[in-house]
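Below is start_1.cif, holding mmCIF, C-alpha atoms.
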```cif
data_query
loop_
_atom_site.group_PDB
_atom_site.id
_atom_site.type_symbol
_atom_site.label_atom_id
_atom_site.label_comp_id
_atom_site.auth_asym_id
_atom_site.auth_seq_id
_atom_site.Cartn_x
_atom_site.Cartn_y
_atom_site.Cartn_z
ATOM 1 C CA MET W 1 0.000 0.000 0.000
ATOM 2 C CA ALA W 2 1.454 3.366 -1.047
ATOM 3 C CA LYS W 3 2.189 5.922 1.646
ATOM 4 C CA ASP W 4 0.225 9.128 1.704
ATOM 5 C CA PRO W 5 2.645 11.881 0.530
ATOM 6 C CA ARG W 6 1.104 14.210 3.103
ATOM 7 C CA THR W 7 2.378 11.965 5.872
ATOM 8 C CA PHE W 8 5.808 13.598 5.772
ATOM 9 C CA SER W 9 4.713 17.190 5.267
ATOM 10 C CA PRO W 10 5.967 19.658 7.908
ATOM 11 C CA ARG W 11 2.400 20.137 9.249
ATOM 12 C CA ALA W 12 1.821 16.365 9.489
ATOM 13 C CA VAL W 13 5.079 15.914 11.363
ATOM 14 C CA PHE W 14 4.240 18.759 13.740
ATOM 15 C CA ASN W 15 0.719 17.471 14.459
ATOM 16 C CA ALA W 16 1.656 13.774 14.814
ATOM 17 C CA PRO W 17 1.776 12.097 18.241
ATOM 18 C CA PRO W 18 5.256 12.129 19.857
ATOM 19 C CA ALA W 19 6.077 8.481 19.057
ATOM 20 C CA GLU W 20 4.932 8.826 15.449
ATOM 21 C CA ARG W 21 6.779 12.142 15.137
ATOM 22 C CA GLN W 22 10.079 10.522 16.195
ATOM 23 C CA ARG W 23 9.579 7.714 13.663
ATOM 24 C CA MET W 24 8.863 10.198 10.912
ATOM 25 C CA LEU W 25 11.901 12.374 11.789
ATOM 26 C CA ARG W 26 14.244 9.344 11.903
ATOM 27 C CA SER W 27 13.154 8.345 8.397
ATOM 28 C CA PHE W 28 14.462 11.482 6.728
ATOM 29 C CA TRP W 29 17.132 12.967 9.023
ATOM 30 C CA LEU W 30 20.017 11.219 7.223
ATOM 31 C CA PRO W 31 19.038 12.477 3.742
ATOM 32 C CA ALA W 32 18.605 15.955 5.176
ATOM 33 C CA VAL W 33 22.034 15.901 6.810
ATOM 34 C CA LEU W 34 23.627 14.646 3.576
ATOM 35 C CA ILE W 35 21.951 17.380 1.560
ATOM 36 C CA LEU W 36 23.115 20.042 4.011
ATOM 37 C CA ALA W 37 26.666 18.638 4.006
ATOM 38 C CA LEU W 38 26.788 18.617 0.213
ATOM 39 C CA ALA W 39 25.480 22.153 0.085
ATOM 40 C CA ALA W 40 28.039 23.345 2.622
ATOM 41 C CA GLY W 41 30.851 21.520 0.835
ATOM 42 C CA GLY W 42 29.819 22.928 -2.529
ATOM 43 C CA LEU W 43 29.672 26.464 -1.154
ATOM 44 C CA THR W 44 33.086 26.041 0.464
ATOM 45 C CA GLY W 45 34.513 24.760 -2.816
ATOM 46 C CA ILE W 46 33.098 27.706 -4.741
ATOM 47 C CA ILE W 47 34.553 30.188 -2.246
ATOM 48 C CA ALA W 48 37.936 28.414 -2.248
ATOM 49 C CA ALA W 49 38.023 28.298 -6.058
ATOM 50 C CA TYR W 50 37.202 32.002 -6.216
ATOM 51 C CA GLU W 51 39.896 32.867 -3.698
ATOM 52 C CA LEU W 52 42.480 30.734 -5.506
ATOM 53 C CA ASN W 53 41.562 32.181 -8.879
ATOM 54 C CA TYR W 54 41.662 35.828 -7.832
ATOM 55 C CA SER W 55 44.142 35.744 -4.986
ATOM 56 C CA ARG W 56 47.553 37.378 -4.883
ATOM 57 C CA ALA W 57 49.087 33.933 -5.454
ATOM 58 C CA ALA W 58 47.176 33.524 -8.714
ATOM 59 C CA ASN W 59 48.253 36.945 -9.971
ATOM 60 C CA GLU W 60 51.902 36.403 -9.123
ATOM 61 C CA VAL W 61 52.005 32.928 -10.647
ATOM 62 C CA ALA W 62 50.279 34.131 -13.814
ATOM 63 C CA ALA W 63 52.946 36.821 -14.149
ATOM 64 C CA LEU W 64 55.591 34.111 -14.062
ATOM 65 C CA ALA W 65 54.894 33.497 -17.766
ATOM 66 C CA ALA W 66 56.682 36.781 -18.466
ATOM 67 C CA TYR W 67 59.538 36.035 -16.047
ATOM 68 C CA ARG W 68 62.939 36.768 -17.569
ATOM 69 C CA PRO W 69 65.800 35.890 -15.214
ATOM 70 C CA SER W 70 69.109 37.698 -15.458
ATOM 71 C CA VAL W 71 71.565 35.913 -17.708
ATOM 72 C CA VAL W 72 75.252 36.041 -18.571
ATOM 73 C CA THR W 73 76.385 38.751 -20.991
ATOM 74 C CA ARG W 74 79.401 37.523 -22.918
ATOM 75 C CA ILE W 75 81.924 39.521 -24.924
ATOM 76 C CA TYR W 76 83.528 37.762 -27.878
ATOM 77 C CA ALA W 77 86.580 38.587 -29.969
ATOM 78 C CA ASP W 78 85.914 39.218 -33.653
ATOM 79 C CA ASP W 79 86.361 35.532 -34.433
ATOM 80 C CA GLY W 80 82.911 35.039 -32.888
ATOM 81 C CA LYS W 81 84.142 32.180 -30.714
ATOM 82 C CA THR W 82 86.711 33.383 -28.178
ATOM 83 C CA VAL W 83 85.152 34.707 -24.961
ATOM 84 C CA ILE W 84 87.207 37.602 -23.634
ATOM 85 C CA GLY W 85 84.849 38.750 -20.877
ATOM 86 C CA GLU W 86 81.581 38.109 -19.041
ATOM 87 C CA PHE W 87 79.162 40.255 -17.079
ATOM 88 C CA ALA W 88 76.598 38.698 -14.752
ATOM 89 C CA LEU W 89 74.696 39.575 -11.603
ATOM 90 C CA GLU W 90 73.704 35.918 -11.553
ATOM 91 C CA LYS W 91 75.601 33.526 -13.787
ATOM 92 C CA ARG W 92 72.740 31.806 -15.584
ATOM 93 C CA ILE W 93 72.463 30.189 -19.029
ATOM 94 C CA PRO W 94 68.809 29.145 -19.514
ATOM 95 C CA LEU W 95 67.931 25.865 -21.206
ATOM 96 C CA LYS W 96 64.712 24.723 -22.810
ATOM 97 C CA TYR W 97 63.113 21.617 -21.329
ATOM 98 C CA GLU W 98 64.263 19.536 -24.314
ATOM 99 C CA GLU W 99 67.864 20.684 -23.738
ATOM 100 C CA ILE W 100 67.980 19.436 -20.154
ATOM 101 C CA PRO W 101 69.615 15.987 -20.266
ATOM 102 C CA SER W 102 67.591 13.036 -19.018
ATOM 103 C CA VAL W 103 70.276 12.100 -16.511
ATOM 104 C CA MET W 104 69.914 15.552 -14.922
ATOM 105 C CA LYS W 105 66.119 15.381 -14.804
ATOM 106 C CA ASN W 106 66.294 11.923 -13.244
ATOM 107 C CA ALA W 107 68.786 13.041 -10.605
ATOM 108 C CA ILE W 108 66.555 15.990 -9.660
ATOM 109 C CA LEU W 109 63.442 13.807 -9.467
ATOM 110 C CA ALA W 110 65.202 11.129 -7.431
ATOM 111 C CA VAL W 111 66.386 13.458 -4.692
ATOM 112 C CA GLU W 112 63.650 16.092 -4.716
ATOM 113 C CA ASP W 113 60.348 14.569 -5.837
ATOM 114 C CA ALA W 114 60.109 11.054 -7.287
ATOM 115 C CA ARG W 115 56.298 11.391 -7.486
ATOM 116 C CA PHE W 116 56.485 14.711 -9.354
ATOM 117 C CA TYR W 117 54.281 13.533 -12.220
ATOM 118 C CA ASP W 118 51.684 11.983 -9.880
ATOM 119 C CA HIS W 119 50.551 14.947 -7.760
ATOM 120 C CA VAL W 120 49.020 18.400 -8.270
ATOM 121 C CA GLY W 121 51.653 20.448 -6.462
ATOM 122 C CA ILE W 122 51.090 19.041 -2.976
ATOM 123 C CA ASP W 123 51.729 15.373 -2.241
ATOM 124 C CA PRO W 124 49.740 14.092 0.784
ATOM 125 C CA ILE W 125 51.416 10.672 0.532
ATOM 126 C CA ARG W 126 54.848 12.215 0.819
ATOM 127 C CA ILE W 127 53.776 14.515 3.653
ATOM 128 C CA ILE W 128 52.435 11.571 5.662
ATOM 129 C CA GLY W 129 55.557 9.502 4.936
ATOM 130 C CA ALA W 130 57.874 12.336 5.958
ATOM 131 C CA ALA W 131 55.911 12.954 9.174
ATOM 132 C CA TRP W 132 56.079 9.243 10.052
ATOM 133 C CA LYS W 133 59.846 9.104 9.494
ATOM 134 C CA ASN W 134 60.365 12.245 11.553
ATOM 135 C CA LEU W 135 58.407 10.683 14.428
ATOM 136 C CA THR W 136 59.914 7.194 14.292
ATOM 137 C CA THR W 137 63.541 7.905 13.348
ATOM 138 C CA ASP W 138 66.207 10.458 14.129
ATOM 139 C CA ARG W 139 66.187 11.661 10.506
ATOM 140 C CA VAL W 140 64.505 14.918 9.548
ATOM 141 C CA GLU W 141 62.780 14.652 6.179
ATOM 142 C CA GLY W 142 60.728 17.275 4.394
ATOM 143 C CA GLY W 143 57.514 16.661 2.500
ATOM 144 C CA SER W 144 57.858 19.475 -0.018
ATOM 145 C CA THR W 145 57.353 18.753 -3.693
ATOM 146 C CA LEU W 146 59.449 20.138 -6.525
ATOM 147 C CA THR W 147 56.650 22.612 -7.238
ATOM 148 C CA GLN W 148 56.611 23.782 -3.615
ATOM 149 C CA GLN W 149 60.359 24.336 -3.708
ATOM 150 C CA LEU W 150 60.033 26.380 -6.879
ATOM 151 C CA ALA W 151 57.282 28.432 -5.240
ATOM 152 C CA LYS W 152 59.416 28.996 -2.155
ATOM 153 C CA ASN W 153 62.458 30.070 -4.174
ATOM 154 C CA LEU W 154 60.540 32.358 -6.519
ATOM 155 C CA PHE W 155 58.009 34.005 -4.227
ATOM 156 C CA LEU W 156 58.617 33.314 -0.532
ATOM 157 C CA THR W 157 61.154 33.598 2.248
ATOM 158 C CA ARG W 158 62.765 30.617 3.959
ATOM 159 C CA LYS W 159 61.214 31.373 7.356
ATOM 160 C CA GLN W 160 59.795 28.205 8.897
ATOM 161 C CA THR W 161 56.311 29.381 9.872
ATOM 162 C CA ILE W 162 52.835 27.965 9.412
ATOM 163 C CA ALA W 163 51.741 31.038 7.450
ATOM 164 C CA ARG W 164 54.629 30.659 5.027
ATOM 165 C CA LYS W 165 53.891 26.958 4.547
ATOM 166 C CA VAL W 166 50.231 27.705 3.783
ATOM 167 C CA ASN W 167 51.300 30.344 1.253
ATOM 168 C CA GLU W 168 53.716 27.818 -0.244
ATOM 169 C CA TRP W 169 50.877 25.316 -0.727
ATOM 170 C CA ALA W 170 48.688 27.981 -2.343
ATOM 171 C CA MET W 171 51.504 29.037 -4.680
ATOM 172 C CA ALA W 172 52.268 25.418 -5.601
ATOM 173 C CA LEU W 173 48.631 24.737 -6.483
ATOM 174 C CA GLN W 174 48.521 27.848 -8.642
ATOM 175 C CA ILE W 175 51.779 26.946 -10.436
ATOM 176 C CA GLU W 176 50.338 23.530 -11.270
ATOM 177 C CA ARG W 177 47.158 25.192 -12.604
ATOM 178 C CA TYR W 178 49.015 27.529 -14.953
ATOM 179 C CA TYR W 179 51.982 25.436 -16.106
ATOM 180 C CA THR W 180 52.702 21.930 -17.325
ATOM 181 C CA LYS W 181 54.995 19.561 -15.480
ATOM 182 C CA ASN W 182 57.679 20.054 -18.132
ATOM 183 C CA GLN W 183 57.489 23.826 -17.770
ATOM 184 C CA ILE W 184 57.835 23.516 -13.995
ATOM 185 C CA MET W 185 60.891 21.294 -14.397
ATOM 186 C CA GLU W 186 62.397 23.798 -16.844
ATOM 187 C CA LEU W 187 61.844 26.683 -14.422
ATOM 188 C CA TYR W 188 63.349 24.740 -11.537
ATOM 189 C CA ALA W 189 66.422 23.587 -13.496
ATOM 190 C CA ASN W 190 67.149 27.140 -14.659
ATOM 191 C CA TYR W 191 66.414 28.959 -11.405
ATOM 192 C CA ILE W 192 68.113 26.931 -8.647
ATOM 193 C CA PHE W 193 71.269 28.279 -7.018
ATOM 194 C CA LEU W 194 74.194 25.854 -7.095
ATOM 195 C CA GLY W 195 76.984 27.837 -5.434
ATOM 196 C CA ALA W 196 79.935 29.753 -6.959
ATOM 197 C CA ASN W 197 77.451 32.342 -8.345
ATOM 198 C CA ALA W 198 76.062 29.645 -10.669
ATOM 199 C CA TYR W 199 72.290 29.643 -11.200
ATOM 200 C CA GLY W 200 70.767 26.771 -13.128
ATOM 201 C CA ILE W 201 72.338 23.540 -14.263
ATOM 202 C CA GLU W 202 73.978 24.841 -17.448
ATOM 203 C CA ALA W 203 75.933 27.535 -15.612
ATOM 204 C CA ALA W 204 76.816 25.039 -12.868
ATOM 205 C CA ALA W 205 78.033 22.453 -15.392
ATOM 206 C CA GLU W 206 80.334 25.048 -16.936
ATOM 207 C CA THR W 207 81.471 26.366 -13.564
ATOM 208 C CA TYR W 208 82.307 23.035 -11.938
ATOM 209 C CA PHE W 209 83.084 20.721 -14.841
ATOM 210 C CA GLY W 210 83.956 23.010 -17.747
ATOM 211 C CA LYS W 211 81.328 21.374 -19.958
ATOM 212 C CA GLN W 212 77.744 21.750 -21.101
ATOM 213 C CA ALA W 213 74.915 20.104 -19.205
ATOM 214 C CA LYS W 214 74.236 17.737 -22.107
ATOM 215 C CA ASP W 215 77.664 16.158 -21.509
ATOM 216 C CA LEU W 216 77.227 15.499 -17.772
ATOM 217 C CA THR W 217 77.844 12.004 -16.455
ATOM 218 C CA ILE W 218 75.471 10.372 -13.991
ATOM 219 C CA GLY W 219 77.852 11.159 -11.120
ATOM 220 C CA GLU W 220 78.176 14.820 -12.126
ATOM 221 C CA ALA W 221 74.411 15.157 -12.502
ATOM 222 C CA ALA W 222 73.895 13.618 -9.051
ATOM 223 C CA LEU W 223 76.426 16.052 -7.564
ATOM 224 C CA LEU W 224 74.601 19.072 -9.000
ATOM 225 C CA ALA W 225 71.159 17.749 -8.011
ATOM 226 C CA GLY W 226 72.288 17.451 -4.398
ATOM 227 C CA ILE W 227 73.574 21.017 -3.994
ATOM 228 C CA PRO W 228 70.315 23.073 -3.778
ATOM 229 C CA LYS W 229 69.355 21.579 -0.397
ATOM 230 C CA ALA W 230 72.220 23.598 1.161
ATOM 231 C CA SER W 231 74.581 25.204 -1.328
ATOM 232 C CA SER W 232 76.843 26.494 1.438
ATOM 233 C CA GLU W 233 77.291 22.942 2.721
ATOM 234 C CA TYR W 234 77.232 20.685 -0.351
ATOM 235 C CA ALA W 235 79.013 22.780 -3.005
ATOM 236 C CA PRO W 236 82.181 20.822 -3.918
ATOM 237 C CA LEU W 237 84.453 23.883 -3.782
ATOM 238 C CA ILE W 238 83.404 24.552 -0.189
ATOM 239 C CA ASN W 239 83.109 21.071 1.298
ATOM 240 C CA PRO W 240 84.219 18.283 -1.059
ATOM 241 C CA GLY W 241 83.712 15.585 1.605
ATOM 242 C CA LYS W 242 80.064 16.422 2.237
ATOM 243 C CA ALA W 243 79.535 17.023 -1.468
ATOM 244 C CA LYS W 244 80.625 13.439 -2.169
ATOM 245 C CA GLU W 245 78.361 12.061 0.575
ATOM 246 C CA ARG W 246 75.441 13.987 -0.857
ATOM 247 C CA ARG W 247 76.278 12.858 -4.403
ATOM 248 C CA ASP W 248 76.337 9.230 -3.310
ATOM 249 C CA LEU W 249 72.976 9.647 -1.549
ATOM 250 C CA VAL W 250 71.451 11.031 -4.753
ATOM 251 C CA LEU W 251 72.906 8.109 -6.710
ATOM 252 C CA ASP W 252 71.396 5.617 -4.256
ATOM 253 C CA LEU W 253 68.013 7.331 -4.606
ATOM 254 C CA MET W 254 68.294 7.144 -8.394
ATOM 255 C CA ALA W 255 68.716 3.375 -8.134
ATOM 256 C CA LYS W 256 65.951 3.059 -5.528
ATOM 257 C CA ASN W 257 63.445 4.975 -7.670
ATOM 258 C CA GLY W 258 64.332 3.228 -10.921
ATOM 259 C CA PHE W 259 66.172 6.122 -12.575
ATOM 260 C CA ALA W 260 69.436 4.174 -12.880
ATOM 261 C CA THR W 261 70.680 0.626 -12.532
ATOM 262 C CA GLN W 262 72.547 -0.495 -9.443
ATOM 263 C CA ALA W 263 75.614 -1.200 -11.586
ATOM 264 C CA GLU W 264 75.609 2.379 -12.947
ATOM 265 C CA VAL W 265 75.269 3.764 -9.454
ATOM 266 C CA GLU W 266 78.067 1.662 -7.969
ATOM 267 C CA ALA W 267 80.407 2.603 -10.824
ATOM 268 C CA ALA W 268 79.660 6.317 -10.325
ATOM 269 C CA LYS W 269 80.096 6.113 -6.543
ATOM 270 C CA ALA W 270 83.530 4.534 -7.006
ATOM 271 C CA LYS W 271 84.790 7.629 -8.826
ATOM 272 C CA PRO W 272 86.124 10.666 -6.958
ATOM 273 C CA ILE W 273 84.720 14.107 -7.664
ATOM 274 C CA GLN W 274 86.724 15.602 -10.517
ATOM 275 C CA LEU W 275 86.249 19.308 -11.085
ATOM 276 C CA ALA W 276 87.602 21.299 -14.001
ATOM 277 C CA ASP W 277 90.724 23.348 -13.314
ATOM 278 C CA ILE W 278 88.793 26.528 -13.979
ATOM 279 C CA ALA W 279 86.476 25.760 -11.042
ATOM 280 C CA TYR W 280 89.248 26.408 -8.542
ATOM 281 C CA TYR W 281 89.922 29.871 -9.936
ATOM 282 C CA GLN W 282 86.385 31.223 -10.157
ATOM 283 C CA SER W 283 86.806 33.598 -7.237
ATOM 284 C CA LEU W 284 90.429 34.574 -7.825
ATOM 285 C CA PRO W 285 91.242 38.012 -9.306
ATOM 286 C CA LYS W 286 92.046 37.724 -12.992
ATOM 287 C CA SER W 287 94.087 39.909 -15.261
ATOM 288 C CA THR W 288 94.040 39.616 -19.036
ATOM 289 C CA PRO W 289 95.060 41.826 -21.978
ATOM 290 C CA PHE W 290 91.360 42.482 -22.518
ATOM 291 C CA ASP W 291 90.633 44.021 -19.113
ATOM 292 C CA TYR W 292 90.602 47.627 -20.347
ATOM 293 C CA PRO W 293 88.379 47.199 -23.443
ATOM 294 C CA VAL W 294 86.014 44.865 -21.540
ATOM 295 C CA GLU W 295 85.606 47.432 -18.754
ATOM 296 C CA TYR W 296 85.039 50.165 -21.347
ATOM 297 C CA ILE W 297 82.255 48.084 -22.895
ATOM 298 C CA ARG W 298 80.720 47.393 -19.479
ATOM 299 C CA GLN W 299 80.536 51.091 -18.671
ATOM 300 C CA ASP W 300 79.106 51.896 -22.096
ATOM 301 C CA LEU W 301 76.407 49.206 -21.767
ATOM 302 C CA GLU W 302 75.548 50.330 -18.253
ATOM 303 C CA ASP W 303 75.128 53.918 -19.422
ATOM 304 C CA LYS W 304 72.898 52.902 -22.330
ATOM 305 C CA TYR W 305 70.853 50.020 -20.968
ATOM 306 C CA THR W 306 71.349 49.942 -17.170
ATOM 307 C CA LEU W 307 70.665 46.225 -16.482
ATOM 308 C CA ALA W 308 69.072 45.395 -19.823
ATOM 309 C CA TRP W 309 72.307 44.203 -21.367
ATOM 310 C CA PRO W 310 72.345 42.009 -24.483
ATOM 311 C CA ARG W 311 73.609 38.487 -24.003
ATOM 312 C CA VAL W 312 76.334 38.638 -26.674
ATOM 313 C CA VAL W 313 78.687 41.460 -27.644
ATOM 314 C CA TYR W 314 81.316 41.147 -30.366
ATOM 315 C CA LEU W 315 84.493 43.147 -29.971
ATOM 316 C CA SER W 316 86.808 43.751 -32.914
ATOM 317 C CA ILE W 317 89.949 42.539 -31.180
ATOM 318 C CA ARG W 318 92.000 39.663 -32.453
ATOM 319 C CA ALA W 319 91.845 36.597 -30.249
ATOM 320 C CA SER W 320 95.573 36.142 -30.598
ATOM 321 C CA MET W 321 96.271 39.536 -29.045
#
```
Spell out the structure here as structure tokens.
Amino acid sequence: MAKDPRTFSPRAVFNAPPAERQRMLRSFWLPAVLILALAAGGLTGIIAAYELNYSRAANEVAALAAYRPSVVTRIYADDGKTVIGEFALEKRIPLKYEEIPSVMKNAILAVEDARFYDHVGIDPIRIIGAAWKNLTTDRVEGGSTLTQQLAKNLFLTRKQTIARKVNEWAMALQIERYYTKNQIMELYANYIFLGANAYGIEAAAETYFGKQAKDLTIGEAALLAGIPKASSEYAPLINPGKAKERRDLVLDLMAKNGFATQAEVEAAKAKPIQLADIAYYQSLPKSTPFDYPVEYIRQDLEDKYTLAWPRVVYLSIRASM
């Protein structure tokens, strides 16, 4: 027998005897609670989406598309090949994503964020795992993703506060909304500081090994990938012992996460760190026959363009001078 639809009307419920009223209320309280919860959740989501879309974080991250980091200005002799001088506030030679060698990408992922392609900027699995290790062992491990680290380096201070961490999460979510994973990797690889005034992996490869990033070995890539955690501690010119320990840790993580074979890792760990001769003279005063004309050019460029220097300047001086 079908129930009278008026049975559950507000007036019927109000006028029913107490026992019947309780039965009637119990029959629809759960659907009512679910509807209210869904409504509240939907409203919260709409407000959060609005705040994320029009917040300061969204505006700053959107502006990142026009970000142009300072780069090295090089002066060449008239042969077009011989570098006779360089100007740089930050020694940086940007690479496109396709120009970053796979061995370098794998080293970065292994030590910084092996699940980089599986999260949306924040990785709850990694956060929980890091918290568990911090509670159960004497090791301190962070739960930041590669995107969070980029956000911190580009937009935030390094102060360890709850407010800064919340802002870091918001920035990371916005970066993932606006940019692809490959673009985020490109930004990270070009922005990170690697000691010796080298910013980005190309400048670091030239500074430490006298070669381009595309020619890095697995051991050299692991060394560079380990520096950003603490450049003052792990840079090989400052602390070669700790730099080697850090390099070996990165190599072990590459094997653990499937970015290299155990045989490749063991072979790389057996080799000492070998830096280019030029690496040891980066901070020493230099004197060359080109000092005067190079300084003249620097002053002329500064007068004309302030900091907007071109990347390449050709000087009509014979390289054999």
TODO: May I ask for the distance between CA of Ile278 in chain W and CA of Phe209 in chain W, given in Å to one decimal place?
DONE: 8.2 Å
Open item on the list: Env of range 161-167 of chain W: 10 Å cut, atoms = all atoms listed in the file, seq-sep filter 4 positions within chain, self excluded. Answer as a PyMOL selection string.
Closed with: chain W and resi 57+144+148+151-152+155-157+171-173
Open item on the list: Just to confirm, what's the straight-line distance from CA of Glu98 in chain W to CA of Gln212 in chain W in Å (one decimal)?
Closed with: 14.0 Å
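Near Ile218 in chain W, within a cut-off of 9 Å and counting all atoms listed in the file, sit the residues Val103, Met104, Ala107, Leu251, Ala260, Glu264, Val265 and Ala268 of chain W, with same-chain residues fewer than 6 positions away left out.
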Task: Matched chain/residue IDs from the PyMOL selection byres ((chain W and resi 114) around 12), as a list of chain:residue names - done: W:Lys105, W:Asn106, W:Ala107, W:Ile108, W:Leu109, W:Ala110, W:Val111, W:Glu112, W:Asp113, W:Arg115, W:Phe116, W:Tyr117, W:Asp118, W:His119, W:Asp123, W:Ile125, W:Arg126, W:Gly143, W:Ser144, W:Thr145, W:Leu146, W:Val250, W:Leu253, W:Met254, W:Ala255, W:Lys256, W:Asn257, W:Gly258, W:Phe259
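What the PyMOL selection byres ((chain W and resi 201) around 9) picks from this file is Arg92, Ile93, Pro94, Leu95, Ile100, Met104, Ala189, Asn190, Tyr191, Ile192, Phe193, Leu194, Ala198, Tyr199, Gly200, Glu202, Ala203, Ala204, Ala205, Glu206, Gln212, Ala213, Ala221, Leu224 and Ala225 of chain W.
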Selected residues, C-alpha atoms, written as a tab-separated table (two decimals), in the coordinates of the input, please.
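Here's the written file out-v5.tsv:
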```tsv
chain	number	residue	atom	x	y	z
W	92	ARG	CA	72.74	31.81	-15.58
W	93	ILE	CA	72.46	30.19	-19.03
W	94	PRO	CA	68.81	29.14	-19.51
W	95	LEU	CA	67.93	25.86	-21.21
W	100	ILE	CA	67.98	19.44	-20.15
W	104	MET	CA	69.91	15.55	-14.92
W	189	ALA	CA	66.42	23.59	-13.50
W	190	ASN	CA	67.15	27.14	-14.66
W	191	TYR	CA	66.41	28.96	-11.40
W	192	ILE	CA	68.11	26.93	-8.65
W	193	PHE	CA	71.27	28.28	-7.02
W	194	LEU	CA	74.19	25.85	-7.10
W	198	ALA	CA	76.06	29.64	-10.67
W	199	TYR	CA	72.29	29.64	-11.20
W	200	GLY	CA	70.77	26.77	-13.13
W	202	GLU	CA	73.98	24.84	-17.45
W	203	ALA	CA	75.93	27.54	-15.61
W	204	ALA	CA	76.82	25.04	-12.87
W	205	ALA	CA	78.03	22.45	-15.39
W	206	GLU	CA	80.33	25.05	-16.94
W	212	GLN	CA	77.74	21.75	-21.10
W	213	ALA	CA	74.92	20.10	-19.20
W	221	ALA	CA	74.41	15.16	-12.50
W	224	LEU	CA	74.60	19.07	-9.00
W	225	ALA	CA	71.16	17.75	-8.01
```
Task: Point-to-point distance in Å for CA of Ala170 in chain W and CA of Pro228 in chain W - done: 22.2 Å
Task: Answer key for the PyMOL selection byres ((chain W and resi 274) around 9), residues as a PyMOL selection string - done: chain W and resi 208-209+220+271-273+275-276
